[in-house]
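S.K.: Dropping a structure here in structure tokens format, bear with me for questions.
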Amino acid sequence: MTMNQSDTLTIAGRDYTSRLLVGTGKYKDFDETRQAIDTSGAQIVTVAIRRTNIGQNAGEPNLLDYLPPSQFTILPNTAGCYTAEDAVRTLRLARELLDGHKLVKLEVLGNKDNLFPNMPETLDAARTLVKEGFDVMVYCTDDPIQCQMLEDIGCVAIMPLASLIGSGMGILNPWNLRLVIDQAKVPVLVDAGVGTASDAAIAMELGCDAILMNTAIAGARDPILMASAMRMAVEAGRAAFLAGRVPRKFYSADPSSPAEGLIQSRA
């Protein structure tokens with residue numbers, strides 16, 4: 001049995017073999033979007049409801065014609081929302097457009113320049129959405145206390161940022177991320193800031209359950225090739241985490257080959 005068959009990601013009671021979730025924005029067209037997602041192996045794709053047509057704009061190209069819900073789990077998100085009220089309204093619309101779909105990604109932003117999450121509004125929106133029966137995956141800070149609050153509210157996945165959305169800066173605070181991972185009883189996904197394959201591998205080696213990314217793939221010089229690289233990086237990082245790295249030993253060494261039984265040289 002391969003690792004992918006035996007080591008599944010479970011979100012809201014559904015199992016997935018891929019631990020890479022991808023966005024659908026910033027590609028040159030829907031054809032490139034589909035090709036990149038196929039190459040990435042992603043099974044969950046996130047869609048900004050306020051920016052992408054999934055049926056709300058009649059007569060315009062519909063993303064769902066390229067990424068049908070029969071083949072992918074569509075994860076509507078609230079990108080562009082700055083209040084709890086706007087986020088809740090957006091996801092209610094998404095549920096109508098997707099025939100009662102419950103799995104959503106909540107993000108409430110606090111600043112148009114850095115897109116950092118507004119946590120008071122995020123917590124308010126999460127409470128409302130969970131009460132209304134949504135399965136909420138939530139973009140948030142890497143504050144372990146607020147992450148625990150979101151889990152206690154009933155969110156099905158916690159998604160702390162590694163660094164600012166679209167920055168490509170990688171994981172700036174691995175210590176906080178480990179605190180979040182160690183205390184969580186729901187999946188923890190790095191969301192935002194991954195820039196290249198090594199960032200993805202490091203996140204998975206730390207123990208993240210999965211990674212969500214968009215700009216790192218769509219903004220690459222060759223998005224299709226980067227999608228392939230990210231797929232391999234996530235798989236390699238997960239395998240390394242499961243295998244368990246050797247402990248770091250400062251100021252000492254341990255030879256790879258045993259010292260006993262060495263052939264002795266003659267004087």
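By convention here, the chains of the structure tokens are called A, B, ... in the order presented, each chain's residues are numbered starting at 1, and ligands are numbered starting at 1 in the order presented.
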Could you find all residues in stretch 65-127 of chain A that DSSP calls alpha helix (DSSP H) from the backbone, and write them as a ChimeraX atom specification?
M.R.: /A:84-97,119-127
S.K.: Determine, counting only C-alpha atoms, which protein, DNA and RNA residues have an atom within 6 Å of an atom of A:Val104; residues of the same chain fewer than 2 positions away are not included. Present the result as a list in words.
M.R.: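 Near A:Val104, the qualifying residues are Leu75, Pro76 and Val136 of chain A.
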S.K.: What lies within 8 Å of A:Ala200 using only C-alpha atoms, ignoring chain neighbours under 5 positions off, as a CSV table (one decimal) with C-alpha atoms, in the first residue's frame?
M.R.:
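Generated output (part39.csv):
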chain,number,residue,atom,x,y,z
A,194,VAL,CA,4.2,29.7,0.4
A,211,ILE,CA,-1.3,23.3,2.4
A,230,MET,CA,4.5,21.7,-5.3
A,233,ALA,CA,7.1,18.8,-2.3
A,234,VAL,CA,4.0,18.3,-0.3
A,237,GLY,CA,7.4,16.7,3.3
S.K.: Give the answer as one residue: which of A:Met226, A:Leu172, A:Leu63, A:Ala239 has the shortest atom-to-atom distance to A:Thr196, using only C-alpha atoms?
M.R.: A:Met226
S.K.: Rank A:Ile49, A:Ala229, A:Ala42, A:Cys140 by their smallest atom-to-atom distance to A:Ser163, using only C-alpha atoms, and report the top residue only.
M.R.: A:Cys140
S.K.: What is the atom CA of A:Asn57-atom CA of A:Arg92 distance in Å, reported with one decimal?
M.R.: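 Rounded to one decimal, the two atoms are 16.3 Å apart.
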S.K.: Give the strand (DSSP E) residues of stretch 19-238 of chain A, as assigned by DSSP on the backbone, as a ChimeraX atom specification.
M.R.: /A:20-23,44-48,73-77,103-106,135-140,157-160,189-191,210-213
S.K.: Restricting it to N, CA and C atoms, dump the selection as a short mmCIF file (atom, residue, chain, number, x, y, z; two decimals), in the first residue's frame.
M.R.:
data_model
loop_
_atom_site.label_atom_id
_atom_site.label_comp_id
_atom_site.auth_asym_id
_atom_site.auth_seq_id
_atom_site.Cartn_x
_atom_site.Cartn_y
_atom_site.Cartn_z
N LEU A 20 -2.61 18.78 -0.94
CA LEU A 20 -2.40 20.08 -1.57
C LEU A 20 -3.74 20.62 -2.05
N LEU A 21 -4.13 21.77 -1.51
CA LEU A 21 -5.34 22.46 -1.94
C LEU A 21 -4.90 23.68 -2.73
N VAL A 22 -5.61 24.00 -3.80
CA VAL A 22 -5.15 25.09 -4.66
C VAL A 22 -6.28 26.07 -4.95
N GLY A 23 -5.87 27.31 -5.19
CA GLY A 23 -6.81 28.35 -5.59
C GLY A 23 -6.98 28.38 -7.09
N ILE A 44 -9.32 19.41 -3.76
CA ILE A 44 -10.11 20.54 -3.24
C ILE A 44 -9.59 21.81 -3.89
N VAL A 45 -10.48 22.58 -4.50
CA VAL A 45 -10.10 23.84 -5.14
C VAL A 45 -10.94 24.96 -4.54
N THR A 46 -10.27 26.05 -4.19
CA THR A 46 -10.98 27.15 -3.55
C THR A 46 -11.29 28.24 -4.57
N VAL A 47 -12.46 28.87 -4.39
CA VAL A 47 -12.98 29.83 -5.36
C VAL A 47 -13.42 31.10 -4.62
N ALA A 48 -12.91 32.24 -5.06
CA ALA A 48 -13.33 33.52 -4.48
C ALA A 48 -14.68 33.91 -5.08
N THR A 73 -13.88 18.89 -5.13
CA THR A 73 -14.60 19.52 -4.03
C THR A 73 -14.36 21.02 -4.15
N ILE A 74 -15.43 21.76 -4.40
CA ILE A 74 -15.34 23.21 -4.54
C ILE A 74 -15.39 23.83 -3.14
N LEU A 75 -14.41 24.69 -2.86
CA LEU A 75 -14.33 25.34 -1.56
C LEU A 75 -14.52 26.84 -1.75
N PRO A 76 -15.77 27.32 -1.67
CA PRO A 76 -16.00 28.76 -1.82
C PRO A 76 -15.36 29.53 -0.68
N ASN A 77 -14.76 30.67 -1.00
CA ASN A 77 -14.12 31.48 0.04
C ASN A 77 -14.61 32.92 0.00
N LEU A 103 -19.27 22.94 2.87
CA LEU A 103 -17.85 23.18 3.16
C LEU A 103 -17.42 24.51 2.57
N VAL A 104 -16.91 25.40 3.43
CA VAL A 104 -16.54 26.74 2.99
C VAL A 104 -15.23 27.15 3.64
N LYS A 105 -14.59 28.14 3.03
CA LYS A 105 -13.40 28.75 3.62
C LYS A 105 -13.72 30.18 4.01
N LEU A 106 -13.59 30.47 5.29
CA LEU A 106 -13.86 31.80 5.82
C LEU A 106 -12.56 32.60 5.91
N ASP A 135 -19.73 23.86 7.33
CA ASP A 135 -18.45 23.27 7.73
C ASP A 135 -17.37 24.29 7.39
N VAL A 136 -16.81 24.92 8.42
CA VAL A 136 -15.99 26.10 8.22
C VAL A 136 -14.51 25.79 8.35
N MET A 137 -13.79 26.01 7.26
CA MET A 137 -12.33 26.06 7.28
C MET A 137 -11.97 27.53 7.37
N VAL A 138 -11.03 27.90 8.24
CA VAL A 138 -10.90 29.31 8.55
C VAL A 138 -9.46 29.81 8.46
N TYR A 139 -9.27 30.85 7.64
CA TYR A 139 -7.99 31.56 7.52
C TYR A 139 -7.82 32.45 8.75
N CYS A 140 -6.64 32.39 9.37
CA CYS A 140 -6.47 33.08 10.64
C CYS A 140 -5.00 33.40 10.88
N ALA A 157 -11.42 23.02 10.25
CA ALA A 157 -10.01 23.10 9.93
C ALA A 157 -9.51 24.50 10.25
N ILE A 158 -8.29 24.56 10.77
CA ILE A 158 -7.66 25.82 11.12
C ILE A 158 -6.57 26.10 10.07
N MET A 159 -6.52 27.36 9.57
CA MET A 159 -5.64 27.66 8.45
C MET A 159 -4.81 28.91 8.73
N PRO A 160 -3.79 28.79 9.59
CA PRO A 160 -2.96 29.96 9.89
C PRO A 160 -2.08 30.34 8.71
N LEU A 189 -3.88 23.59 8.31
CA LEU A 189 -3.36 23.80 6.96
C LEU A 189 -2.67 25.15 6.90
N VAL A 190 -1.47 25.19 6.37
CA VAL A 190 -0.84 26.48 6.10
C VAL A 190 -1.59 27.13 4.95
N ASP A 191 -1.96 28.38 5.16
CA ASP A 191 -2.70 29.12 4.15
C ASP A 191 -2.04 30.49 3.99
N ALA A 210 -1.97 19.79 5.70
CA ALA A 210 -2.08 20.10 4.27
C ALA A 210 -1.67 21.55 4.06
N ILE A 211 -1.65 21.96 2.80
CA ILE A 211 -1.29 23.33 2.44
C ILE A 211 -2.27 23.82 1.38
N LEU A 212 -2.68 25.07 1.53
CA LEU A 212 -3.47 25.72 0.49
C LEU A 212 -2.62 26.82 -0.13
N MET A 213 -2.57 26.86 -1.44
CA MET A 213 -1.79 27.89 -2.13
C MET A 213 -2.46 28.28 -3.43
#
S.K.: May I have a table of the residues of stretch 139-223 of chain A lying at most 12 Å from stretch 24-37 of chain A, giving each one's closest pair of atoms and their distance in Å to one decimal, counting only C-alpha atoms, ordered by chain and ascending residue number, as CSV?
M.R.:
residue,atom,partner,partner_atom,distance
A:Gly166,CA,A:Lys26,CA,10.8
A:Leu212,CA,A:Thr24,CA,11.2
A:Met213,CA,A:Thr24,CA,9.5
A:Asn214,CA,A:Thr24,CA,6.8
A:Thr215,CA,A:Lys26,CA,7.1
A:Ala216,CA,A:Lys26,CA,10.3
A:Ile217,CA,A:Ala36,CA,7.9
A:Ala218,CA,A:Tyr27,CA,5.4
A:Gly219,CA,A:Lys26,CA,7.0
A:Ala220,CA,A:Tyr27,CA,9.9
A:Arg221,CA,A:Tyr27,CA,11.2
A:Asp222,CA,A:Ala36,CA,9.7
A:Pro223,CA,A:Ala36,CA,6.4
S.K.: List the neighbours of stretch 80-88 of chain A out to 10 Å using only C-alpha atoms; skip same-chain residues closer than 6 positions along the sequence, and give me the result as a PyMOL selection string.
M.R.: chain A and resi 48-51+94+105-112+115+117-129+132
